[in-house]
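Peer 1: Shown below is the structure under consideration.
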Amino acid sequence: MSKINVLVVEDESIVSKDIQHSLKKIGYNVVGSASTGDKAIELARVEKPDVVLMDIMLKGNMNGIEAAKIIKNEMTIPVIFLTAYADESTLAKAKISEPYGYILKPFKEIDLQTSIEMAIYKHKKEQEVVKERDFLYSIVDGKEKSRDFIFVKSNSKLVKLNCKDIYFIEALKDYVVINTADTRYTIHSTMKEIEAKMGNIDFIRIHRSFIVRLDKIASIEFPNLTLENDKKSIPIGGSFRDDLNNRIKML
């Protein structure tokens with residue numbers, strides 16, 4: 001397994017060398033060190049480290065929090081803050097940049113190792129979610145298209161799912177659940193994203209928490225509708241009622 005590459009940003013030379021020594025002792029590869037925010041950004045762009053250890057109180061015109069924001073947003077590299085300051089004001093400012101860890105000085109080697117390993121793991125999982133979501137939606141270009149199939153993750157593998165088998169999609173906090181007659185697939189997404197990507201030919205949103213496939217609707221008795229086969233009753237949101245009436249064919 002390749003070593004984890006670490007960029008050290010610390011404006012006290014002795015402290016920086018001590019951190020680098022500890023990192024190498026643990027088994028990490030130090031790709032560079034910086035004493036200012038500007039230099040940290042420059043090195044991050046060139047070296048592409050796996051993680052950045054960032055002192056908050058840096059000398060110069062840019063502190064560690066400002067540098068961390070740029071590194072995270074531009075390069076999606078996880079940043080762990082190192083600081084001797086634990087006051088509420090500093091913490092509040094640090095949280096805005098959404099760091100992957102926060103280590104108080106003085107710290108032990110185990111503190112460094114634990115924080116780095118957790119940051120790498122969290123970042124890896126976040127990137128996997130992004131890749132899976134992009135792959136799931138890669139077939140679709142716009143809302144006005146009908147879809148034949150999608151890929152969903154099930155038991156650590158991507159499974160092809162025919163859209164005609166989908167009955168309804170339900171929102172559950174930060175996830176959505178795609179329901180067929182006999183299977184449920186849970187994916188990390190939002191209803192807004194799902195609504196856009198599934199298209200508006202075969203599917204319709206009838207509630208802030210529900211999207212249904214039009215040809216699976218068995219009956220409608222406001223404020224609910226019932227789906228075929230499973231006889232499931234789903235609520236119809238008041239703001240979605242007119243759109244549903246316009247989409248169905250009535251005699």
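Within each chain, counting starts at residue 1; across the structure tokens, chains are named A, B, ... in the order shown, with ligands numbered 1 upward in that order.
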I want to know what sits within 10 Å of A:Met118, based on only C-alpha atoms, with residues of the same chain fewer than 5 positions away left out; could you give that as a PDB file with N, CA and C atoms, in the first residue's frame?

Peer 2:
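Saved file out_8.pdb follows:
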```pdb
ATOM      1  N   TYR A 100     -11.601  18.403   8.375  1.00  0.00           N
ATOM      2  CA  TYR A 100     -11.784  16.973   8.608  1.00  0.00           C
ATOM      3  C   TYR A 100     -11.244  16.552   9.972  1.00  0.00           C
ATOM      4  N   GLY A 101     -10.743  17.511  10.710  1.00  0.00           N
ATOM      5  CA  GLY A 101     -10.231  17.212  12.036  1.00  0.00           C
ATOM      6  C   GLY A 101      -9.731  18.484  12.694  1.00  0.00           C
ATOM      7  N   GLN A 113      -1.934  10.430  14.039  1.00  0.00           N
ATOM      8  CA  GLN A 113      -2.284   9.238  13.268  1.00  0.00           C
ATOM      9  C   GLN A 113      -3.798   9.013  13.224  1.00  0.00           C
ATOM     10  N   HIS A 123     -12.956  11.211   3.741  1.00  0.00           N
ATOM     11  CA  HIS A 123     -12.839  11.800   2.408  1.00  0.00           C
ATOM     12  C   HIS A 123     -13.045  10.753   1.323  1.00  0.00           C
ATOM     13  N   LYS A 124     -12.498   9.567   1.519  1.00  0.00           N
ATOM     14  CA  LYS A 124     -12.650   8.488   0.543  1.00  0.00           C
ATOM     15  C   LYS A 124     -14.112   8.117   0.375  1.00  0.00           C
TER      16      LYS A 124
END
```

Peer 1: Could you jot down the atom CA of A:Asp11 to atom CA of A:Lys95 separation for me, Å, one decimal place?

Peer 2: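 Separation between atom CA of A:Asp11 and atom CA of A:Lys95: 21.2 Å.
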
Peer 1: Here is a test: counting only C-alpha atoms, which residue of A:Leu244, A:Ala40, A:Ile234, A:Val31 is nearest to A:Asn200?

Peer 2: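 Closest to A:Asn200, using only C-alpha atoms: A:Leu244.
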
Peer 1: Return as JSON, numbers by chain the full set of residues in stretch 72-172 of chain A whose backbone-based DSSP assignment is helix (DSSP H, G or I).

Peer 2: {"A": [72, 73, 74, 75, 88, 89, 90, 91, 92, 93, 94, 95, 96, 109, 110, 111, 112, 113, 114, 115, 116, 117, 118, 119, 120, 121, 122, 123, 124, 125, 126, 127, 128, 129, 130, 131, 132, 133, 134, 135, 136, 137, 163, 164, 165]}

Peer 1: Kindly give the distance, in Å, that separates atom CA of A:Ile217 and atom CA of A:Ile166, rounded to a single decimal.

Peer 2: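 Going from atom CA of A:Ile217 over to atom CA of A:Ile166, I get 11.5 Å.
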
Peer 1: Show me, as number ranges by chain, the residues that have an atom within 10 Å of A:Asn5 when counting only C-alpha atoms, minus same-chain residues fewer than 5 positions from it.

Peer 2: A: 23, 27-32, 47-52

Peer 1: Can you write out the residues you just picked, keeping N, CA and C atoms, as a PDB file, in the first residue's frame?

Peer 2:
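Saved file selection_9.pdb follows:
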```
ATOM      1  N   LEU A  23       5.493  12.514  11.730  1.00  0.00           N
ATOM      2  CA  LEU A  23       4.775  11.923  10.593  1.00  0.00           C
ATOM      3  C   LEU A  23       5.609  10.829   9.921  1.00  0.00           C
ATOM      4  N   GLY A  27       5.067   6.698   9.597  1.00  0.00           N
ATOM      5  CA  GLY A  27       5.064   5.995   8.312  1.00  0.00           C
ATOM      6  C   GLY A  27       4.458   6.782   7.173  1.00  0.00           C
ATOM      7  N   TYR A  28       4.205   8.081   7.402  1.00  0.00           N
ATOM      8  CA  TYR A  28       3.637   8.918   6.357  1.00  0.00           C
ATOM      9  C   TYR A  28       4.735   9.578   5.527  1.00  0.00           C
ATOM     10  N   ASN A  29       4.372  10.041   4.342  1.00  0.00           N
ATOM     11  CA  ASN A  29       5.316  10.729   3.464  1.00  0.00           C
ATOM     12  C   ASN A  29       5.013  12.222   3.478  1.00  0.00           C
ATOM     13  N   VAL A  30       5.965  13.021   3.906  1.00  0.00           N
ATOM     14  CA  VAL A  30       5.799  14.481   3.940  1.00  0.00           C
ATOM     15  C   VAL A  30       6.208  15.031   2.581  1.00  0.00           C
ATOM     16  N   VAL A  31       5.241  15.569   1.835  1.00  0.00           N
ATOM     17  CA  VAL A  31       5.529  16.053   0.484  1.00  0.00           C
ATOM     18  C   VAL A  31       6.006  17.495   0.472  1.00  0.00           C
ATOM     19  N   GLY A  32       5.888  18.186   1.602  1.00  0.00           N
ATOM     20  CA  GLY A  32       6.344  19.557   1.659  1.00  0.00           C
ATOM     21  C   GLY A  32       5.881  20.245   2.924  1.00  0.00           C
ATOM     22  N   GLU A  47       1.739  19.495  -5.382  1.00  0.00           N
ATOM     23  CA  GLU A  47       2.000  18.182  -4.801  1.00  0.00           C
ATOM     24  C   GLU A  47       0.759  17.287  -4.704  1.00  0.00           C
ATOM     25  N   LYS A  48      -0.452  17.888  -4.697  1.00  0.00           N
ATOM     26  CA  LYS A  48      -1.698  17.118  -4.572  1.00  0.00           C
ATOM     27  C   LYS A  48      -1.624  16.131  -3.396  1.00  0.00           C
ATOM     28  N   PRO A  49      -1.401  16.603  -2.179  1.00  0.00           N
ATOM     29  CA  PRO A  49      -1.284  15.693  -1.026  1.00  0.00           C
ATOM     30  C   PRO A  49      -2.618  15.020  -0.716  1.00  0.00           C
ATOM     31  N   ASP A  50      -2.536  13.933   0.053  1.00  0.00           N
ATOM     32  CA  ASP A  50      -3.754  13.232   0.474  1.00  0.00           C
ATOM     33  C   ASP A  50      -4.449  13.982   1.604  1.00  0.00           C
ATOM     34  N   VAL A  51      -3.671  14.713   2.389  1.00  0.00           N
ATOM     35  CA  VAL A  51      -4.223  15.462   3.510  1.00  0.00           C
ATOM     36  C   VAL A  51      -3.293  16.624   3.849  1.00  0.00           C
ATOM     37  N   VAL A  52      -3.862  17.695   4.412  1.00  0.00           N
ATOM     38  CA  VAL A  52      -3.073  18.853   4.815  1.00  0.00           C
ATOM     39  C   VAL A  52      -3.245  19.066   6.312  1.00  0.00           C
TER      40      VAL A  52
END
```
